Amino acid sequence: MSYEAGKYDCIVVGTGHAGCEAALAAARLGCKTLILTLNMDNIALMPCNPSIGGPGKGHLVREIDALGGEMGINIDATYLQIRMLNTGKGPAVYALRAQIDKKAYQQRMTLVLQNQKNLHLHQAMVEKILVDEHKNVRGIETETGAIYYAPTVILCTGTYLKGEIIIGEISYPGGPNGQRAAEKLVDNLKELGLQLGRFKTGTPARVHKQSLDLDQFIIQEGDPDGNFFSFLTEKGRGLNEPCYLGYTNEHTHQLIRDNLHRSPLYSGKIKGAGPRYCPSIESKIVLFADKEQHQVFVEPEGLNSMEMYLQGASSSLPEEVQISFLRTIKGMENVQVLRTGYAIEYDYLVPTQLKPSLEVKSIGGLFCAGQINGTSGYEEAAAQGLMAGINAVMKLRGKEPFILKRSEAYIGVLIDDLVTKGTDEPYRIMTSRAEYRLLLRQDNADLRLTEKGWAIGLVTPERYARFKAKKEALDQALTMLKETVVTPGTEKVVRLLEAKGSAPLRQGISLYNLLKRPELCYSDLVELGLAETVAHDVGRQIDIHIKYEGYIAKQLAQVERFNKLESKLLPPDLDYSQIRNLSVEARQKLSEIRPVSVGQAGRISGVSPADLSVLLVYLEKAYRKN
Amino acid sequence: MTHASLKYDDTIAAIATAYGAAGIGIIRISGPDAALIADQVFFSKKGHKLKGQETYRVSYGLIKDEKGQAIDEALALNMWAPHSFTGEDVVELQCHGGAVVLKKVLDLVLAAGARLAEPGEFSKRAFLNGRLDLSQAEAIMDLVNAKTETALTAAANTLQGLLAREIRQCRQELLEVIAYLEADIDFPEEDFERLHQGEILTRLEKTRERIQQLLQTFSSGRIVREGLKTVLIGKPNVGKSSLLNTILKTQRAIVTDVPGTTRDTIEEYYNLGGIPLVLIDTAGIRQTEDVVEKIGVEKTKDVIKEADLLLYLLDSTTGLTGEDREYLKELPKEKTMILANKVDLLAGGENAEKYEEDLARQLRGYRLLFISATEQIGIEELEKAIKDQFFVHGWENKDQAFLTNIRHKRALDQALKALESGRQGVLEGTPSDLVSVDLQNCLEYLGEITGETLDEEIIDQIFARFCLGK
């Protein structure tokens, strides 16, 4: 019944945010790539919130963009509003967040895929991964019997693996948004010896905009145009569609409490672990019983739609309970629900089975990216997709995998956390997960990563030229600031200091050191003609560089130490049972996770500093024997 | 967070001779900054720096503290990489003082930038730098592990209760503040109560006080661990060595009738109702032309400064002499206890009583006891008096956490510094991501004491504390 349908370099299964980036990366790097989707209408679907970005997440998008990924550009072309969060808290945690026109986002991404050279799109349900006797991947087989051959396969199957939709007492198999779940593929993964876990997540109801009394809500607008996700975007859409903020109240909470026995979360129906950062409204009411109200953000799903998303009101209570509790909220008395909220349980692949390249350790050429790896979020998925796509190509070309360190990118933090520590809830990136947060800013993602993207071949000449120009402008300005010394008699400076309420100079000082004063910034110097005009982002870069130099230097010193242990590589076939003096727990964890370096080993829970000493000594011994 | 104990690009130091051994004590400093660090505490008589010296040179000079006060005289031996035990730049300071002086020198070296070596770390570095051959490797691996585990057990013992509880309390307080800052950073639009600047400051100040109080217990903690430094002083032949022998019940010091035969200080340990005493017998204080004795006399003066308790011996048969008064002038009253020895030689009866009253009057303000070292009279009273003095100061207070370990003290010093920097940041309105760097540093240093690493703690704290989920 099966037939040979084609030969490719790389096959990507799934067209969510991971799949899109993976396929684009592989195709752009010149590989003949096939991408398969369950539903051609659902490419780059955003089945949950209509926003991308925020702390950590926005950082990821900028990194994807700097490396030559598509997400940032797609956001800038389809956003409804963009806002910079955390502006009062220091540059490291500034975070860009956009509300997205969902349909427009999908349409544009679909078109990008369709127009991409080397990339074939096809609608099919994949049921089987073909593996040869050496445990190397050969291709895949679809439910219609089509066999596609390829030496690399990237699984980006999202929450579709044995997906189960749960609403109150009702449940049925399915993916998000009424789609089909992937059943047979799960059995196949198990046959291949892969370990799966089960997670739960959920989404709130969508409601009709015209059924809301929007005057009862607080309007939340974005920033005026100016900040974008892609380093290439120069001009925005000029859109600033508002969101609306409302609150639950004691009536809402009472109604939910009265119906808790019907909640699948509390009846025991849902067994998978859910994300702590995105609890259902019923969980919030149980866990934080003393809170008198909870926020509900009403967010538009698109320009050409009356559908509104209810951020903060995720629920898997029975449909009628959802309608009732929503109607207790001020301004929602007559709410008309368009789609009911639901919980979804799904299988994921325990990510400690992956290498840092996102290749499955036990099956050569099989890569996994996105929610299948136990993460949550569009941004986390896209970041992994990009990396898996790049690494599939590296594998095809017989090159070293492309790994970003924790000290280089949030992407590095994300993947290292996954493959080293695993996760016991759907994993979300947070800035507090990054040790070197001050270095991994969203404003310098291009300075950190463009060169790497260029070396890989994903960065276009246009992007590279811009990056070069920016870097040059930055270096020149910094040199000038260091070399220009002003004295207490420099008239322009006296005026500037007076105007800014800054203490007068007592001796000569370089402009560089002058800018260390918090009340002064580069643009002040430009205004006085003491420095040349530079692009806005360069000026910002200069200020950050100078003002946080002390802290940045501290982190750089930490990174240097960190890198020492990262560069002590552990052989992949190391027999930990043969190393004397390792603790039992360390031996077991190390055998299981097989860290790449001593540094990575140190991040595994249960591996102590003493164990690391033993490893270091063992390595040195082995090295000398050879 | 990365494990702090695995940096091996830094410079380490430790006392390299067995604890409590008399005679020479060696502080070993190893690492790239060994010379720079040694040059901050060791000052050669010839005025040269160790940095830039040829390898294998011995320099003679003084160890001086921050204020330029001489602590000890010492020899400095420098061995530059790779020709040293560890294969790194090494300076060894050979000191002449006892355990107390040695600790002080180590403290200075650590203050100058060295990190206290982990157990077995010199050997580990030696191995990693190729200074040990393959056959020694297995042994070293055992050593590294065994030592670490011993250290862990030891740490578990010292930390079994109060100190750990106190440090955990500090960590918990800090974690809460950090959780507030971090939750606000990662969930800026969430609806939960933010901590105001004033509240953050109040909380940090509370933690700072806790840390400072702990740091203040270090000297008390040191007494608990290292013993109460007790010095016996008195004119020659007044019976110091006899008393020492009585307490030790061994013949340790040379006892003769010739004044000045006890030439050097002798340290011994004695258990007094659970409180370890370090009894230091000294050469008699007096002006002398004898060079050997002069050194002994000068050393005595240093020892007096360092001591916790001074026992001054009088000869009951001669009473309080002018010479005694001269000596007593040199001794701080508050830590001096006067023992009138040889009471057995006094004629009994009323005269003796009157004599005792007279003496008490003459020595008003001092604690005075009548004893006989040779006949063992008044020894129990002496023990009781010493103990009483401790009870007064709360030494046996069961609820007091003591800082006893120098490594812990270093970590706590660093923690305090980081906390101060963070607090200063809050005061000046520094952005919270920077303040968080300092506070997390503080948390890490505290964790070094209890052996807890950061990892998921902050994130767990955020989710436990706040209702999140926009």
# chains A, B, ... in the order shown; residues from 1 in each chain; ligands from 1
call {"tool": "residues_around", "arguments": {"residues": "segment 554-566 of chain A", "least_positions_apart": "4", "cutoff": "12 Å", "atoms": "only C-alpha atoms", "output": "PDB file with C-alpha atoms, in the first residue's frame"}}
result
ATOM      1  CA  ILE A 403      25.664  25.144  19.991  1.00  0.00           C
ATOM      2  CA  LEU A 404      25.056  28.436  21.744  1.00  0.00           C
ATOM      3  CA  LYS A 405      26.416  28.691  25.259  1.00  0.00           C
ATOM      4  CA  ARG A 406      24.470  29.911  28.260  1.00  0.00           C
ATOM      5  CA  SER A 407      26.762  32.895  28.217  1.00  0.00           C
ATOM      6  CA  GLU A 408      25.958  33.725  24.592  1.00  0.00           C
ATOM      7  CA  ASP A 416      20.950  23.652  27.919  1.00  0.00           C
ATOM      8  CA  ALA A 434      19.898  33.331  32.634  1.00  0.00           C
ATOM      9  CA  GLU A 435      22.999  33.649  34.829  1.00  0.00           C
ATOM     10  CA  TYR A 436      24.552  36.255  32.566  1.00  0.00           C
ATOM     11  CA  ARG A 437      21.457  38.324  32.097  1.00  0.00           C
ATOM     12  CA  LEU A 438      23.312  41.624  31.842  1.00  0.00           C
ATOM     13  CA  LEU A 439      25.173  40.373  28.788  1.00  0.00           C
ATOM     14  CA  LEU A 440      22.189  38.729  27.109  1.00  0.00           C
ATOM     15  CA  TYR A 548      26.832  49.403  33.238  1.00  0.00           C
ATOM     16  CA  GLU A 549      30.473  48.755  32.496  1.00  0.00           C
ATOM     17  CA  GLY A 550      31.257  47.726  36.075  1.00  0.00           C
ATOM     18  CA  LEU A 570      33.608  14.538  28.246  1.00  0.00           C
ATOM     19  CA  PRO A 595      26.848  15.635  29.408  1.00  0.00           C
ATOM     20  CA  VAL A 596      29.087  17.072  26.728  1.00  0.00           C
ATOM     21  CA  SER A 597      31.364  18.932  29.131  1.00  0.00           C
ATOM     22  CA  VAL A 598      32.313  19.048  32.787  1.00  0.00           C
ATOM     23  CA  GLY A 599      30.492  22.375  32.907  1.00  0.00           C
ATOM     24  CA  GLN A 600      27.269  20.779  31.751  1.00  0.00           C
ATOM     25  CA  ALA A 601      27.799  17.927  34.197  1.00  0.00           C
ATOM     26  CA  GLY A 602      27.913  20.472  37.007  1.00  0.00           C
ATOM     27  CA  ARG A 603      24.423  21.666  36.184  1.00  0.00           C
ATOM     28  CA  PRO A 609      31.470  19.724  43.187  1.00  0.00           C
ATOM     29  CA  LEU A 612      33.286  17.253  39.274  1.00  0.00           C
ATOM     30  CA  SER A 613      36.718  17.095  40.882  1.00  0.00           C
ATOM     31  CA  LEU A 615      35.742  13.907  36.678  1.00  0.00           C
ATOM     32  CA  LEU A 616      38.469  16.494  36.147  1.00  0.00           C
ATOM     33  CA  LEU A 619      39.966  13.356  32.359  1.00  0.00           C
TER      34      LEU A 619
ATOM     35  CA  MET B   1      24.323  28.949  38.987  1.00  0.00           C
ATOM     36  CA  THR B   2      27.742  27.494  38.576  1.00  0.00           C
ATOM     37  CA  HIS B   3      29.515  25.817  41.436  1.00  0.00           C
ATOM     38  CA  ALA B   4      31.755  28.341  43.077  1.00  0.00           C
ATOM     39  CA  SER B   5      34.324  25.843  44.283  1.00  0.00           C
ATOM     40  CA  LEU B   6      35.610  24.823  40.904  1.00  0.00           C
ATOM     41  CA  LYS B   7      37.514  27.869  39.880  1.00  0.00           C
ATOM     42  CA  TYR B   8      41.089  26.853  39.462  1.00  0.00           C
ATOM     43  CA  ASP B   9      42.372  29.965  37.839  1.00  0.00           C
ATOM     44  CA  ASP B  10      42.377  31.768  41.155  1.00  0.00           C
ATOM     45  CA  LEU B 434      21.548  45.147  38.711  1.00  0.00           C
ATOM     46  CA  VAL B 437      23.037  40.650  40.643  1.00  0.00           C
ATOM     47  CA  ASP B 438      24.364  41.731  44.040  1.00  0.00           C
ATOM     48  CA  ASN B 441      25.806  36.993  44.773  1.00  0.00           C
TER      49      ASN B 441
END
call {"tool": "residues_around", "arguments": {"residues": "segment 423-429 of chain A", "least_positions_apart": "2", "cutoff": "6 Å", "atoms": "only C-alpha atoms", "output": "list in words"}}
result
Gly56, Ala273, Gly274, Pro275, Gly374, Thr375 and Ser376 of chain A
call {"tool": "residues_around", "arguments": {"residues": "segment 451-458 of chain A", "least_positions_apart": "4", "cutoff": "8 Å", "atoms": "only C-alpha atoms", "output": "PDB file with N, CA and C atoms, in the first residue's frame"}}
result
ATOM      1  N   ALA A  25      15.280  27.354   7.764  1.00  0.00           N
ATOM      2  CA  ALA A  25      16.730  27.335   7.966  1.00  0.00           C
ATOM      3  C   ALA A  25      17.373  26.301   7.041  1.00  0.00           C
ATOM      4  N   ARG A  28      17.005  27.383   3.341  1.00  0.00           N
ATOM      5  CA  ARG A  28      17.839  28.557   3.047  1.00  0.00           C
ATOM      6  C   ARG A  28      19.316  28.199   3.008  1.00  0.00           C
ATOM      7  N   LEU A  29      19.670  27.166   3.747  1.00  0.00           N
ATOM      8  CA  LEU A  29      21.072  26.747   3.737  1.00  0.00           C
ATOM      9  C   LEU A  29      21.343  25.796   2.566  1.00  0.00           C
ATOM     10  N   ALA A  66      18.500  37.793  14.821  1.00  0.00           N
ATOM     11  CA  ALA A  66      19.921  38.076  14.573  1.00  0.00           C
ATOM     12  C   ALA A  66      20.595  36.916  13.836  1.00  0.00           C
ATOM     13  N   LEU A  67      20.097  35.719  14.076  1.00  0.00           N
ATOM     14  CA  LEU A  67      20.690  34.543  13.424  1.00  0.00           C
ATOM     15  C   LEU A  67      20.136  34.324  12.024  1.00  0.00           C
ATOM     16  N   GLY A  68      19.125  35.086  11.651  1.00  0.00           N
ATOM     17  CA  GLY A  68      18.564  34.944  10.307  1.00  0.00           C
ATOM     18  C   GLY A  68      17.257  34.177  10.264  1.00  0.00           C
ATOM     19  N   GLY A  69      16.581  34.064  11.406  1.00  0.00           N
ATOM     20  CA  GLY A  69      15.282  33.399  11.443  1.00  0.00           C
ATOM     21  C   GLY A  69      14.173  34.325  10.966  1.00  0.00           C
ATOM     22  N   ILE A 390      19.315  24.300  11.684  1.00  0.00           N
ATOM     23  CA  ILE A 390      20.741  24.544  11.435  1.00  0.00           C
ATOM     24  C   ILE A 390      21.546  23.269  11.684  1.00  0.00           C
ATOM     25  N   LEU A 447      24.547  42.207  18.043  1.00  0.00           N
ATOM     26  CA  LEU A 447      25.993  42.261  18.271  1.00  0.00           C
ATOM     27  C   LEU A 447      26.521  40.907  18.735  1.00  0.00           C
ATOM     28  N   TYR A 464      23.983  41.622   7.158  1.00  0.00           N
ATOM     29  CA  TYR A 464      25.367  41.635   7.613  1.00  0.00           C
ATOM     30  C   TYR A 464      25.980  43.032   7.459  1.00  0.00           C
TER      31      TYR A 464
END
call {"tool": "interface_residues", "arguments": {"of": "chain A", "to": "chain B", "cutoff": "7 Å", "atoms": "only C-alpha atoms", "output": "MDAnalysis selection string"}}
result
chainID A and resid 55 86 89:90 92:93 276:279 284 288 295 311:312 430:432 435 561 581 609:610 614 617 620:621
call {"tool": "closest_residue", "arguments": {"among": "A:Asn136, A:Thr201, A:Ser316, A:Thr352", "to": "Gly163 of chain A", "atoms": "only C-alpha atoms"}}
result
A:Thr201
call {"tool": "atom_distance", "arguments": {"atom1": "atom CA of Leu93 of chain B", "atom2": "atom CA of Ala74 of chain B"}}
result
6.4 Å
call {"tool": "atom_distance", "arguments": {"atom1": "atom CA of Ile15 of chain B", "atom2": "atom CA of Val109 of chain B"}}
result
10.6 Å
call {"tool": "closest_residue", "arguments": {"among": "B:Leu214, B:Lys354, B:Lys301, B:Gln197", "to": "Arg165 of chain B", "atoms": "only C-alpha atoms"}}
result
B:Leu214
call {"tool": "select_by_dssp", "arguments": {"residues": "segment 3-157 of chain A", "states": "strand (DSSP E)", "output": "PyMOL selection string"}}
result
chain A and resi 3-7+10-13+33-37+51-53+79-85+95-100+119-123+126-131+137-142+146-149+152-155
call {"tool": "select_by_dssp", "arguments": {"residues": "segment 241-483 of chain A", "states": "alpha helix (DSSP H)", "output": "ChimeraX atom specification"}}
result
/A:250-258,264-267,281-287,319-327,378-396,410-416,445-456,461-483
call {"tool": "write_last_selection", "arguments": {"atoms": "C-alpha atoms", "output": "compact mmCIF listing (two decimals), in the first residue's frame"}}
result
# COMPACT_ATOMS: atom_id res chain seq x y z
CA GLU A 250 -15.99 37.57 44.57
CA HIS A 251 -19.05 36.37 42.60
CA THR A 252 -16.78 34.92 39.93
CA HIS A 253 -14.73 33.14 42.55
CA GLN A 254 -17.77 31.79 44.39
CA LEU A 255 -19.24 30.42 41.18
CA ILE A 256 -15.98 28.69 40.34
CA ARG A 257 -15.59 27.32 43.87
CA ASP A 258 -19.14 25.94 43.74
CA PRO A 264 -11.11 17.92 35.48
CA LEU A 265 -8.14 19.40 37.37
CA TYR A 266 -9.67 18.61 40.72
CA SER A 267 -11.67 15.51 39.83
CA ILE A 281 -8.49 30.56 36.68
CA GLU A 282 -9.78 27.74 38.88
CA SER A 283 -6.22 26.94 40.04
CA LYS A 284 -5.58 30.57 40.86
CA ILE A 285 -8.69 30.73 42.99
CA VAL A 286 -7.77 27.57 44.87
CA LEU A 287 -4.06 28.35 45.30
CA GLU A 319 -18.86 25.00 29.09
CA GLU A 320 -21.90 26.32 30.98
CA VAL A 321 -19.79 27.10 34.05
CA GLN A 322 -17.33 29.02 31.88
CA ILE A 323 -20.15 31.10 30.41
CA SER A 324 -21.63 31.73 33.86
CA PHE A 325 -18.42 32.82 35.54
CA LEU A 326 -17.45 35.07 32.64
CA ARG A 327 -20.81 36.82 32.95
CA TYR A 378 5.73 30.20 20.38
CA GLU A 379 9.12 31.83 20.97
CA GLU A 380 10.68 28.84 22.71
CA ALA A 381 9.42 26.65 19.87
CA ALA A 382 10.76 28.90 17.12
CA ALA A 383 14.16 29.15 18.79
CA GLN A 384 14.50 25.38 18.96
CA GLY A 385 13.21 25.00 15.41
CA LEU A 386 15.87 27.33 14.10
CA MET A 387 18.61 25.50 15.99
CA ALA A 388 17.38 22.06 14.94
CA GLY A 389 17.19 23.20 11.31
CA ILE A 390 20.74 24.54 11.44
CA ASN A 391 22.04 21.43 13.16
CA ALA A 392 20.36 19.08 10.71
CA VAL A 393 22.31 20.88 8.01
CA MET A 394 25.52 20.72 10.03
CA LYS A 395 24.98 16.99 10.35
CA LEU A 396 24.37 16.61 6.62
CA TYR A 410 18.87 32.86 25.83
CA ILE A 411 18.62 30.17 23.17
CA GLY A 412 21.65 28.56 24.82
CA VAL A 413 20.05 28.79 28.27
CA LEU A 414 16.81 27.30 26.96
CA ILE A 415 18.37 24.31 25.23
CA ASP A 416 20.95 23.65 27.92
CA ALA A 445 21.25 40.34 20.26
CA ASP A 446 22.57 41.43 16.87
CA LEU A 447 25.99 42.26 18.27
CA ARG A 448 26.09 38.87 19.95
CA LEU A 449 24.84 36.68 17.15
CA THR A 450 24.86 38.22 13.67
CA GLU A 451 28.46 37.18 13.05
CA LYS A 452 27.57 33.60 13.92
CA GLY A 453 24.52 33.65 11.67
CA TRP A 454 26.72 35.00 8.88
CA ALA A 455 29.23 32.20 9.34
CA ILE A 456 26.43 29.63 9.17
CA PRO A 461 24.37 40.23 2.95
CA GLU A 462 21.99 43.11 3.64
CA ARG A 463 21.65 42.19 7.31
CA TYR A 464 25.37 41.63 7.61
CA ALA A 465 26.22 45.00 6.07
CA ARG A 466 23.89 46.74 8.51
CA PHE A 467 25.36 44.94 11.42
CA LYS A 468 28.87 45.86 10.32
CA ALA A 469 27.94 49.51 9.96
CA LYS A 470 26.36 49.58 13.39
CA LYS A 471 29.31 47.91 15.01
CA GLU A 472 31.72 50.27 13.33
CA ALA A 473 29.73 53.33 14.38
CA LEU A 474 29.68 52.00 17.92
CA ASP A 475 33.40 51.29 18.08
CA GLN A 476 34.26 54.65 16.56
CA ALA A 477 32.06 56.53 18.98
CA LEU A 478 33.49 54.70 21.98
CA THR A 479 37.05 55.41 20.84
CA MET A 480 36.23 59.06 20.34
CA LEU A 481 34.64 59.30 23.79
CA LYS A 482 37.70 57.76 25.40
CA GLU A 483 40.09 60.02 23.55
call {"tool": "residues_around", "arguments": {"residues": "Lys335 of chain B", "least_positions_apart": "2", "cutoff": "6 Å", "atoms": "only C-alpha atoms", "output": "VMD selection string"}}
result
chain B and resid 309 to 310 333
call {"tool": "atom_distance", "arguments": {"atom1": "atom CA of Ile546 of chain A", "atom2": "atom CA of Ala531 of chain A"}}
result
15.0 Å
